[in-house]
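Reading through the structure tokens given below for one structure.
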Amino acid sequence: MRISAAQRIENENRIRAAMDRLLRGEIPPGGKYDIKTLAIEAAVDRTAFYGTRPYSHLRVEFERRLNAMREAGEIPDSREAQIARLKAENTKLRERLAQSEQTIDELTGFRSQALARLAAQHEEIVRLREAVTGTSRNRSAVVTPLGRTQATRE
């Protein structure tokens, strides 16, 4: 069905108004920065924007303005901005996780080394006490639930 010149001008005005709203960031729920959302907002059939259809020049204008905004660093799509923010946050969190894992590994190694030194020092103290008292007892080490060693007599 053909439309009159007045209807066509009215449709173009609605399309331009919808285009301006979208490019200002007023995206309807579930919408994007695309021709489908533009067509829905302007209440025009989406196919009218393609090929040699009447509003293809408005599609070209919309895409040109959108690309210009993206190149200028103004991401008009709040979802795209959120995705970029979440990707940056994800990268930052992965770096923190890797650093935390490295710190945990270092501290675990330090703890093991400290426990080994304490055990060696304890054995040395026991040996020196026995040397001073002149007694030599057979002892075996028993590990308590808290990780301490106790000498027992046999």
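Each chain of the structure tokens is named A, B, ... in the order shown, its residues numbered from 1; ligands are numbered from 1 in display order.
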Near-Leu58 in chain A list (9 Å; only C-alpha atoms; drop same-chain fewer than 3 positions) as a short mmCIF file (atom, residue, chain, number, x, y, z; two decimals) with all heavy atoms, in the first residue's frame:
data_model
loop_
_atom_site.label_atom_id
_atom_site.label_comp_id
_atom_site.auth_asym_id
_atom_site.auth_seq_id
_atom_site.Cartn_x
_atom_site.Cartn_y
_atom_site.Cartn_z
N GLU A 12 8.96 10.05 8.73
CA GLU A 12 10.36 10.48 8.82
C GLU A 12 10.58 11.30 10.09
O GLU A 12 11.62 11.14 10.75
CB GLU A 12 10.77 11.28 7.58
CG GLU A 12 11.00 10.40 6.37
CD GLU A 12 11.61 11.16 5.19
OE1 GLU A 12 12.10 12.29 5.38
OE2 GLU A 12 11.59 10.60 4.09
N ILE A 15 10.69 8.89 12.93
CA ILE A 15 11.95 8.14 12.88
C ILE A 15 13.10 9.01 13.42
O ILE A 15 13.92 8.56 14.22
CB ILE A 15 12.26 7.65 11.45
CG1 ILE A 15 11.24 6.59 11.03
CG2 ILE A 15 13.68 7.10 11.36
CD1 ILE A 15 11.27 6.22 9.56
N ARG A 16 13.16 10.25 12.98
CA ARG A 16 14.23 11.15 13.44
C ARG A 16 14.12 11.41 14.95
O ARG A 16 15.12 11.44 15.66
CB ARG A 16 14.20 12.47 12.68
CG ARG A 16 14.69 12.32 11.25
CD ARG A 16 14.77 13.68 10.55
NE ARG A 16 14.93 13.54 9.13
CZ ARG A 16 16.09 13.26 8.53
NH1 ARG A 16 17.16 13.08 9.24
NH2 ARG A 16 16.15 13.14 7.22
N MET A 19 15.29 8.31 16.60
CA MET A 19 16.74 8.24 16.42
C MET A 19 17.44 9.12 17.46
O MET A 19 18.40 8.69 18.11
CB MET A 19 17.10 8.70 14.99
CG MET A 19 18.53 8.51 14.61
SD MET A 19 18.94 9.18 12.96
CE MET A 19 17.64 8.58 11.91
N PHE A 49 13.58 0.18 6.07
CA PHE A 49 14.91 0.77 6.23
C PHE A 49 15.96 0.12 5.32
O PHE A 49 17.10 0.56 5.29
CB PHE A 49 15.39 0.63 7.68
CG PHE A 49 14.66 1.52 8.63
CD1 PHE A 49 13.61 1.03 9.40
CD2 PHE A 49 15.01 2.84 8.78
CE1 PHE A 49 12.94 1.83 10.29
CE2 PHE A 49 14.34 3.67 9.67
CZ PHE A 49 13.30 3.16 10.43
N PRO A 54 11.76 3.29 1.32
CA PRO A 54 11.68 4.74 1.53
C PRO A 54 12.57 5.33 2.63
O PRO A 54 12.95 6.49 2.55
CB PRO A 54 10.20 4.98 1.87
CG PRO A 54 9.58 3.67 2.07
CD PRO A 54 10.48 2.63 1.50
N TYR A 55 12.93 4.53 3.65
CA TYR A 55 13.67 5.12 4.77
C TYR A 55 15.11 4.58 4.88
O TYR A 55 15.73 4.71 5.93
CB TYR A 55 12.92 4.88 6.08
CG TYR A 55 11.48 5.31 6.00
CD1 TYR A 55 10.46 4.40 6.19
CD2 TYR A 55 11.14 6.63 5.71
CE1 TYR A 55 9.13 4.78 6.10
CE2 TYR A 55 9.82 7.03 5.62
CZ TYR A 55 8.82 6.10 5.81
OH TYR A 55 7.52 6.50 5.72
N GLU A 61 21.91 7.18 7.93
CA GLU A 61 22.19 8.31 8.83
C GLU A 61 22.32 7.83 10.28
O GLU A 61 23.23 8.23 11.01
CB GLU A 61 21.07 9.35 8.73
CG GLU A 61 21.27 10.53 9.65
CD GLU A 61 20.11 11.51 9.60
OE1 GLU A 61 19.35 11.52 8.61
OE2 GLU A 61 19.98 12.29 10.57
N PHE A 62 21.41 6.95 10.70
CA PHE A 62 21.45 6.41 12.07
C PHE A 62 22.75 5.66 12.31
O PHE A 62 23.43 5.88 13.32
CB PHE A 62 20.24 5.50 12.29
CG PHE A 62 20.22 4.82 13.63
CD1 PHE A 62 19.99 5.54 14.79
CD2 PHE A 62 20.42 3.45 13.72
CE1 PHE A 62 19.97 4.92 16.03
CE2 PHE A 62 20.39 2.82 14.96
CZ PHE A 62 20.17 3.55 16.11
N GLU A 63 23.13 4.79 11.39
CA GLU A 63 24.36 4.00 11.55
C GLU A 63 25.60 4.90 11.53
O GLU A 63 26.54 4.68 12.29
CB GLU A 63 24.44 2.94 10.46
CG GLU A 63 23.42 1.84 10.64
CD GLU A 63 23.34 0.87 9.47
OE1 GLU A 63 23.93 1.17 8.40
OE2 GLU A 63 22.67 -0.17 9.62
#
* Which of chain A DSSP labels strand (DSSP E), written as a PyMOL selection string -> chain A and resi 139-143+149-153
* Determine which residues of chain A DSSP labels as alpha helix (DSSP H) from the backbone of this structure, then write them out as a PyMOL selection string. => chain A and resi 5-23+35-42+56-71+78-133
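Between CA of Pro28 in chain A and CA of Glu41 in chain A lies a distance of 8.3 Å.
Residues in contact range of Glu80 in chain A, defined as at most 12 Å between only C-alpha atoms, with sequence neighbours fewer than 4 positions away removed, read A:Gly25, A:Lys32, A:Tyr33, A:Arg70, A:Gly73, A:Glu74, A:Ile75, A:Pro76, A:Ala84, A:Arg85, A:Leu86, A:Lys87.
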